[in-house]
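Taking it in order: structure first as structure tokens, then the write-up.
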Amino acid sequence: MQKPALDLQILTLPDNPGVYQYYDKDGKILYVGKAKNLKKRVSSYFNKIHDTAKTNVLVKKIVTIKHIVVPTETDALLLENNLIKTLQPRYNVLLRDDKTYPWICIKKEPFSRIFLTRRMVKDGSEYFGPYTNFKMVHTILDLIKELYPLRTCNYDLSESNINSGKFKVCLEYHIGNCKGPCEGLEPLEEYQRQVNAIREILKGNFKESLKDFKKLMNTYAQNLQFEEAQKIKEKIEVLENYQSRSTIINPKITNIDVFSIVSDENAAYVNFLQISHGSIIRSHTLDIKKKLDESDEELLELAIVELRERFQLLSKEIIVPFELDLGENIKVTVPQLGDKKQILDLSIRNAKFYRIEQLKQLQIVDPDRHVNRIMAQMQKDLRLPSEPRHIECFDNSNIQGTNPVAACVVFKDGKPSKKDYRHFNVKTVIGPDDFASMTEIVYRRYRRLLDENEPLPQLIIIDGGKGQLSAALKSIDELGLRGKVAIIGIAKRLEELFYPGDSIPLYLDKKSETLKVIQQLRNEAHRFGITFHRDKRSKSALNSSVESIPGIGEKTMLALIQHFKSVKRLKLATEKEISDVVGVSRAKKIVAFYHPKEN
């Protein structure tokens with residue numbers, strides 16, 4: 001498939017946090033970077049001349065831009081770190097060493113030590129992080145140290161060593177930072193209870209611990225140790241903003257592949273994430289054109305075989321959104337909760353963004369092709385005799401029968417044609433009768449189009465269920481348009497589509513573009529009708545309000561309505577503002593009427 005032009009790739013990037021990757025004409029990785037807003041950050045490379053020659057050379061070589069969307073800026077930082085270490089891009093220097101972000105380790109041993117480390121050892125110990133904010137890590141460790149006196153020595157505190165009196169308490173014990181488990185002065189159960197509390201803090205479940213910290217802060221304050229109390233307060237604030245989990249790096253998930261699929265009527269988009277030693281090291285999205293009505297299951301199975309062969313993947317477990325049969329040698333996991341579900345959600349999110357970008361690029365490069373595809377799809381989905389190039393949608397608005405109005409909005413080639421929108425004042429209906437109003441409005445609209453030899457729409461949409469559709473059909477039959485124009489009703493609650501003479505509604509796929517166009521039409525008709533109704537109500541209220549002011553005639557009333565639009569704006573206006581419209585003497589009368597106490 002031919003690559004889209006670079007400016008087109010930039011134009012369709014999302015405004016989300018993520019990591020971008022630049023490739024040259026041979027498909028070699030040039031640079032990996034992170035961004036809070038992918039579109040803004042990547043655009044900044046191409047809309048100016050850079051200070052360094054190295055960056056200018058890099059920009060000239062870029063042919064393809066790939067990206068991975070992530071939930072937060074912190075995740076982007078971690079993913080950038082992983083990819084630079086794995087891919088070793090030519091223009092990245094800073095992170096190509098073997099250093100990594102720090103973890104907090106709860107060591108698997110009697111009387112567990114808790115410490116900061118950059119190395120992860122697979123010995124059953126627990127690791128939390130990694131942390132991109134070093135201040136955060138040190139604050140958490142300081143807080144833990146202040147509240148929970150744990151050992152810092154690296155002695156082997158086995159039961160036999162303690163009982164034989166092999167160790168002696170050190171200075172940490174004498175200054176109150178340790179309770180002396182090395183001499184058996186602190187039981188293992190008590191020590192373990194503290195470790196469990198710390199584990200909850202590191203997971204982000206620190207409600208109970210916060211109470212203890214606040215108690216400690218209040219104790220300092222009562223003893224007039226205000227500096228110490230302030231230090232605890234600052235640390236509590238940092239802890240309250242603490243994020244414990246990262247989707248990008250998780251030591252519990254080792255070597256595993258993640259596959260997800262998003263599809264529409266014409267194509268499917270399969271995203272793949274490769275996870276090695278708990279870190280995402282690769283992402284790729286494959287698009288597959290549908291030839292027949294293949295199911296997502298069939299397409300995903302084909303894509304997995306293709307991707308595993310292309311990238312030579314050897315992992316024994318894969319994560320997918322639904323059950324698949326991939327043979328006995330591969331374990332298929334369909335997660336419902338937890339860390340694996342978060343990784344799957346991230347993959348689905350990237351597949352969705354990729355699909356949106358492809359559709360945007362198609363729309364920009366060949367708008368006619370995009371419109372033709374949607375029109376053909378609508379004709380097929382709605383079982384219409386011809387493509388609905390011209391669609392009209394009707395909606396009623398009234399409040400307890402007052403100021404009844406209706407709106408007709410027009411879409412041509414799937415887009416609003418605002419110059420063709422029409423408002424209607426309901427003339428023949430008294431009281432709140434939406435059905436009779438719909439009959440009147442539809443009749444007036446198409447009587448006029450017929451009289452003026454204007455083209456009729458291919459599709460009429462009535463905002464409402466069976467009742468509203470039947471009311472509109474009376475006018476269609478009276479005008480002899482049955483069979484010449486397709487007409488359907490859409491019920492608000494379940495997005496049911498009703499057809500004349502068919503009691504069973506049609507339900508469209510929630511992802512379908514046909515339903516989205518119909519919903520846009522319905523929402524636009526509702527907005528247009530409500531705006532007109534609100535304006536009419538305001539003018540009516542202003543009209544009746546101005547009529548009751550002594551000494552104000554019809555000419556003055558019209559001038560005020562035209563200028564101020566509503567009673568509220570007239571009441572808030574100053575005498576000077578009113579006098580500019582109707583003169584000083586009338587302005588005094590209006591102000592005296594609305595603000596009698598002030599006068």
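Convention: chains lettered A, B, ... in structure tokens order; per-chain residue numbering from 1; ligands numbered from 1 as shown.
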Within 12 Å of Asp325 of chain A, counting only C-alpha atoms, which residues qualify if same-chain residues fewer than 4 places away don't, as a PyMOL selection string?
chain A and resi 297-298+300-302+304-305+318+320+329-333
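One finds atom CA of Glu387 of chain A at 26.2 Å from atom CA of Ser295 of chain A.
Residue nearest Gly165 of chain A within the list A:Glu183, A:Glu227, A:Asp24, A:Glu146: A:Glu183 [criterion: smallest interatomic distance, only C-alpha atoms].
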If you count only C-alpha atoms, the residue of A:Ile256, A:Ala53, A:Ile281, A:Val365 closest to Gln88 of chain A turns out to be A:Ile281
Open item on the list: Can you tell me which residues surround Ala221 of chain A at a distance of at most 12 Å, considering only C-alpha atoms, apart from same-chain residues fewer than 6 positions away, and format the answer as a PyMOL selection string?
Closed with: chain A and resi 214-215+227-233
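Minimum atom-to-atom distances from A:Ala407, A:Val19, A:Leu185, A:Leu497 to Asp420 of chain A were compared using only C-alpha atoms, and the lowest value belongs to A:Ala407.
For the set A:Tyr354, A:Gly124, A:Leu572, A:His423, the residue with the smallest atom-to-atom gap to His595 of chain A is A:Leu572, counting only C-alpha atoms.
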Can I get the residues of segment 322-435 of chain A within 9 Å of segment 7-13 of chain A, each with the closest pair of atoms and their distance in Å to one decimal, using only C-alpha atoms, sorted chain first then ascending number, as JSON lines?
{"residue": "A:Phe353", "atom": "CA", "partner": "A:Leu13", "partner_atom": "CA", "distance": 8.7}
{"residue": "A:Ile356", "atom": "CA", "partner": "A:Thr12", "partner_atom": "CA", "distance": 8.3}
{"residue": "A:Glu357", "atom": "CA", "partner": "A:Thr12", "partner_atom": "CA", "distance": 5.3}
{"residue": "A:Gln358", "atom": "CA", "partner": "A:Thr12", "partner_atom": "CA", "distance": 8.2}
{"residue": "A:Lys360", "atom": "CA", "partner": "A:Thr12", "partner_atom": "CA", "distance": 6.4}
{"residue": "A:Gln361", "atom": "CA", "partner": "A:Leu8", "partner_atom": "CA", "distance": 6.6}
{"residue": "A:Ile364", "atom": "CA", "partner": "A:Leu8", "partner_atom": "CA", "distance": 8.1}
{"residue": "A:Val365", "atom": "CA", "partner": "A:Leu8", "partner_atom": "CA", "distance": 8.4}
For the residues in that selection, give me all heavy atoms as a PDB file, in the first residue's frame.
ATOM      1  N   PHE A 353      -7.896   4.697  16.794  1.00  0.00           N
ATOM      2  CA  PHE A 353      -7.250   5.913  16.307  1.00  0.00           C
ATOM      3  C   PHE A 353      -6.718   5.712  14.886  1.00  0.00           C
ATOM      4  O   PHE A 353      -6.814   6.607  14.040  1.00  0.00           O
ATOM      5  CB  PHE A 353      -6.109   6.333  17.235  1.00  0.00           C
ATOM      6  CG  PHE A 353      -6.568   7.202  18.377  1.00  0.00           C
ATOM      7  CD1 PHE A 353      -6.577   6.722  19.677  1.00  0.00           C
ATOM      8  CD2 PHE A 353      -6.992   8.499  18.156  1.00  0.00           C
ATOM      9  CE1 PHE A 353      -7.007   7.519  20.737  1.00  0.00           C
ATOM     10  CE2 PHE A 353      -7.420   9.302  19.200  1.00  0.00           C
ATOM     11  CZ  PHE A 353      -7.427   8.815  20.493  1.00  0.00           C
ATOM     12  N   ILE A 356      -9.617   5.972  12.428  1.00  0.00           N
ATOM     13  CA  ILE A 356     -10.046   7.370  12.259  1.00  0.00           C
ATOM     14  C   ILE A 356      -9.089   8.114  11.333  1.00  0.00           C
ATOM     15  O   ILE A 356      -9.502   8.867  10.447  1.00  0.00           O
ATOM     16  CB  ILE A 356     -10.139   8.076  13.641  1.00  0.00           C
ATOM     17  CG1 ILE A 356     -11.317   7.509  14.432  1.00  0.00           C
ATOM     18  CG2 ILE A 356     -10.289   9.578  13.482  1.00  0.00           C
ATOM     19  CD1 ILE A 356     -11.290   7.836  15.918  1.00  0.00           C
ATOM     20  N   GLU A 357      -7.771   7.878  11.512  1.00  0.00           N
ATOM     21  CA  GLU A 357      -6.764   8.547  10.673  1.00  0.00           C
ATOM     22  C   GLU A 357      -6.902   8.134   9.208  1.00  0.00           C
ATOM     23  O   GLU A 357      -6.818   8.969   8.315  1.00  0.00           O
ATOM     24  CB  GLU A 357      -5.364   8.203  11.164  1.00  0.00           C
ATOM     25  CG  GLU A 357      -4.959   8.974  12.412  1.00  0.00           C
ATOM     26  CD  GLU A 357      -3.938   8.219  13.223  1.00  0.00           C
ATOM     27  OE1 GLU A 357      -3.049   7.598  12.618  1.00  0.00           O
ATOM     28  OE2 GLU A 357      -4.040   8.234  14.463  1.00  0.00           O
ATOM     29  N   GLN A 358      -7.120   6.819   8.962  1.00  0.00           N
ATOM     30  CA  GLN A 358      -7.263   6.342   7.580  1.00  0.00           C
ATOM     31  C   GLN A 358      -8.474   6.987   6.906  1.00  0.00           C
ATOM     32  O   GLN A 358      -8.401   7.401   5.742  1.00  0.00           O
ATOM     33  CB  GLN A 358      -7.411   4.810   7.563  1.00  0.00           C
ATOM     34  CG  GLN A 358      -6.203   4.051   8.061  1.00  0.00           C
ATOM     35  CD  GLN A 358      -4.937   4.377   7.293  1.00  0.00           C
ATOM     36  OE1 GLN A 358      -4.890   4.228   6.082  1.00  0.00           O
ATOM     37  NE2 GLN A 358      -3.909   4.836   7.985  1.00  0.00           N
ATOM     38  N   LYS A 360      -9.883   9.869   7.730  1.00  0.00           N
ATOM     39  CA  LYS A 360      -9.601  11.304   7.542  1.00  0.00           C
ATOM     40  C   LYS A 360      -8.735  11.516   6.311  1.00  0.00           C
ATOM     41  O   LYS A 360      -8.962  12.437   5.528  1.00  0.00           O
ATOM     42  CB  LYS A 360      -8.875  11.870   8.773  1.00  0.00           C
ATOM     43  CG  LYS A 360      -9.788  12.236   9.932  1.00  0.00           C
ATOM     44  CD  LYS A 360      -8.946  12.828  11.046  1.00  0.00           C
ATOM     45  CE  LYS A 360      -9.776  13.125  12.293  1.00  0.00           C
ATOM     46  NZ  LYS A 360      -8.907  13.556  13.414  1.00  0.00           N
ATOM     47  N   GLN A 361      -7.711  10.662   6.155  1.00  0.00           N
ATOM     48  CA  GLN A 361      -6.819  10.791   5.002  1.00  0.00           C
ATOM     49  C   GLN A 361      -7.582  10.572   3.700  1.00  0.00           C
ATOM     50  O   GLN A 361      -7.395  11.300   2.728  1.00  0.00           O
ATOM     51  CB  GLN A 361      -5.666   9.791   5.127  1.00  0.00           C
ATOM     52  CG  GLN A 361      -4.647  10.187   6.189  1.00  0.00           C
ATOM     53  CD  GLN A 361      -3.577   9.142   6.416  1.00  0.00           C
ATOM     54  OE1 GLN A 361      -3.469   8.177   5.671  1.00  0.00           O
ATOM     55  NE2 GLN A 361      -2.782   9.323   7.460  1.00  0.00           N
ATOM     56  N   ILE A 364      -9.655  13.637   2.927  1.00  0.00           N
ATOM     57  CA  ILE A 364      -8.879  14.781   2.445  1.00  0.00           C
ATOM     58  C   ILE A 364      -8.412  14.551   1.012  1.00  0.00           C
ATOM     59  O   ILE A 364      -8.527  15.412   0.148  1.00  0.00           O
ATOM     60  CB  ILE A 364      -7.671  15.041   3.377  1.00  0.00           C
ATOM     61  CG1 ILE A 364      -8.153  15.496   4.768  1.00  0.00           C
ATOM     62  CG2 ILE A 364      -6.728  16.092   2.791  1.00  0.00           C
ATOM     63  CD1 ILE A 364      -7.102  15.416   5.854  1.00  0.00           C
ATOM     64  N   VAL A 365      -7.859  13.355   0.749  1.00  0.00           N
ATOM     65  CA  VAL A 365      -7.281  13.056  -0.569  1.00  0.00           C
ATOM     66  C   VAL A 365      -8.355  12.935  -1.647  1.00  0.00           C
ATOM     67  O   VAL A 365      -8.221  13.462  -2.740  1.00  0.00           O
ATOM     68  CB  VAL A 365      -6.466  11.740  -0.497  1.00  0.00           C
ATOM     69  CG1 VAL A 365      -6.011  11.304  -1.875  1.00  0.00           C
ATOM     70  CG2 VAL A 365      -5.267  11.924   0.405  1.00  0.00           C
TER      71      VAL A 365
END
Fill in: DSSP-assigned alpha helix (DSSP H) among segment 186-227 of chain A, expressed as a count of residues only
34
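Look at Val409 of chain A: the protein and nucleic acid residues within 10 Å of it, using only C-alpha atoms and passing over chain neighbours fewer than 4 places away, are Ile391, Glu392, Cys393, Phe394, Asp395, Pro416, Ser417, Lys418, Lys419, Asp420, Tyr421, Arg422, His423, Ile461, Leu521, Arg522, Asn523, Glu524, Ala525, His526, Arg527, Phe528 and Gly529 of chain A.
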Keeping only N, CA and C atoms, take the residues you just selected and write them out as a compact mmCIF listing (two decimals), in the first residue's frame.
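selection-v1.txt written:
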# COMPACT_ATOMS: atom_id res chain seq x y z
N ILE A 391 -31.27 14.49 1.75
CA ILE A 391 -32.06 13.99 2.89
C ILE A 391 -32.65 15.18 3.64
N GLU A 392 -33.92 15.06 4.07
CA GLU A 392 -34.54 16.10 4.89
C GLU A 392 -35.07 15.48 6.18
N CYS A 393 -34.88 16.20 7.29
CA CYS A 393 -35.30 15.68 8.60
C CYS A 393 -36.18 16.72 9.30
N PHE A 394 -37.29 16.27 9.91
CA PHE A 394 -38.25 17.17 10.57
C PHE A 394 -38.30 16.94 12.08
N ASP A 395 -38.47 18.05 12.81
CA ASP A 395 -38.63 17.96 14.28
C ASP A 395 -39.58 19.06 14.75
N PRO A 416 -24.41 18.91 6.10
CA PRO A 416 -25.47 19.91 6.24
C PRO A 416 -25.43 20.95 5.12
N SER A 417 -26.61 21.25 4.58
CA SER A 417 -26.75 22.33 3.59
C SER A 417 -27.57 23.43 4.26
N LYS A 418 -26.91 24.29 5.03
CA LYS A 418 -27.62 25.22 5.93
C LYS A 418 -28.47 26.24 5.20
N LYS A 419 -28.10 26.56 3.96
CA LYS A 419 -28.92 27.54 3.21
C LYS A 419 -30.30 26.98 2.88
N ASP A 420 -30.44 25.64 2.95
CA ASP A 420 -31.73 25.02 2.64
C ASP A 420 -32.57 24.71 3.88
N TYR A 421 -32.03 25.01 5.09
CA TYR A 421 -32.81 24.78 6.32
C TYR A 421 -34.06 25.67 6.30
N ARG A 422 -35.15 25.17 6.91
CA ARG A 422 -36.38 25.96 6.97
C ARG A 422 -37.02 25.87 8.36
N HIS A 423 -37.55 27.02 8.82
CA HIS A 423 -38.36 27.07 10.05
C HIS A 423 -39.83 27.15 9.66
N ILE A 461 -36.64 11.90 6.89
CA ILE A 461 -36.52 11.31 8.23
C ILE A 461 -37.40 12.10 9.18
N LEU A 521 -28.28 14.18 11.64
CA LEU A 521 -29.47 14.86 11.10
C LEU A 521 -30.49 15.16 12.18
N ARG A 522 -30.78 14.12 13.00
CA ARG A 522 -31.78 14.27 14.06
C ARG A 522 -31.35 15.35 15.07
N ASN A 523 -30.06 15.31 15.47
CA ASN A 523 -29.56 16.29 16.45
C ASN A 523 -29.56 17.71 15.89
N GLU A 524 -29.23 17.82 14.61
CA GLU A 524 -29.21 19.14 13.96
C GLU A 524 -30.63 19.70 13.86
N ALA A 525 -31.60 18.85 13.52
CA ALA A 525 -33.01 19.29 13.45
C ALA A 525 -33.49 19.75 14.81
N HIS A 526 -33.10 19.00 15.85
CA HIS A 526 -33.51 19.33 17.22
C HIS A 526 -32.90 20.68 17.63
N ARG A 527 -31.60 20.85 17.34
CA ARG A 527 -30.92 22.11 17.70
C ARG A 527 -31.55 23.29 16.97
N PHE A 528 -31.77 23.13 15.67
CA PHE A 528 -32.31 24.22 14.85
C PHE A 528 -33.72 24.60 15.30
N GLY A 529 -34.53 23.57 15.61
CA GLY A 529 -35.90 23.82 16.07
C GLY A 529 -35.95 24.49 17.43
Neighbour list for Val137 of chain A as a list in words, cut-off 9 Å, only C-alpha atoms, skip fewer than 3 positions in-chain
Pro102, Trp103, Ile104, Leu116, Tyr131, Thr132, Asn133, Phe134, Ile140, Leu141 and Asp142 of chain A
Inset, instruction - Name the residues in contact with Pro500 of chain A at a cut-off of 10 Å, using only C-alpha atoms, excluding same-chain residues fewer than 4 positions from it; report them as an NGL selection string. - result: :A and (466 or 469-470 or 473 or 482 or 486-489)
| request: Write out as a VMD selection string all residues of segment 254-333 of chain A that DSSP puts in strand (DSSP E) for this structure's backbone. | output: chain A and resid 256 to 263 267 to 276 279 to 289 317 to 319 331 to 333
Note to self: as a ChimeraX atom specification, please: the residues near Val262 of chain A (cut-off 7 Å, only C-alpha atoms, same-chain neighbours under 2 positions excluded).
What the structure shows: /A:268-270,351-352
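The gap separating atom CA of Tyr20 of chain A from atom CA of Asn350 of chain A is 12.6 Å, in Å to one decimal.
Between atom CA of Met120 of chain A and atom CA of Lys107 of chain A there is a distance of 10.9 Å.
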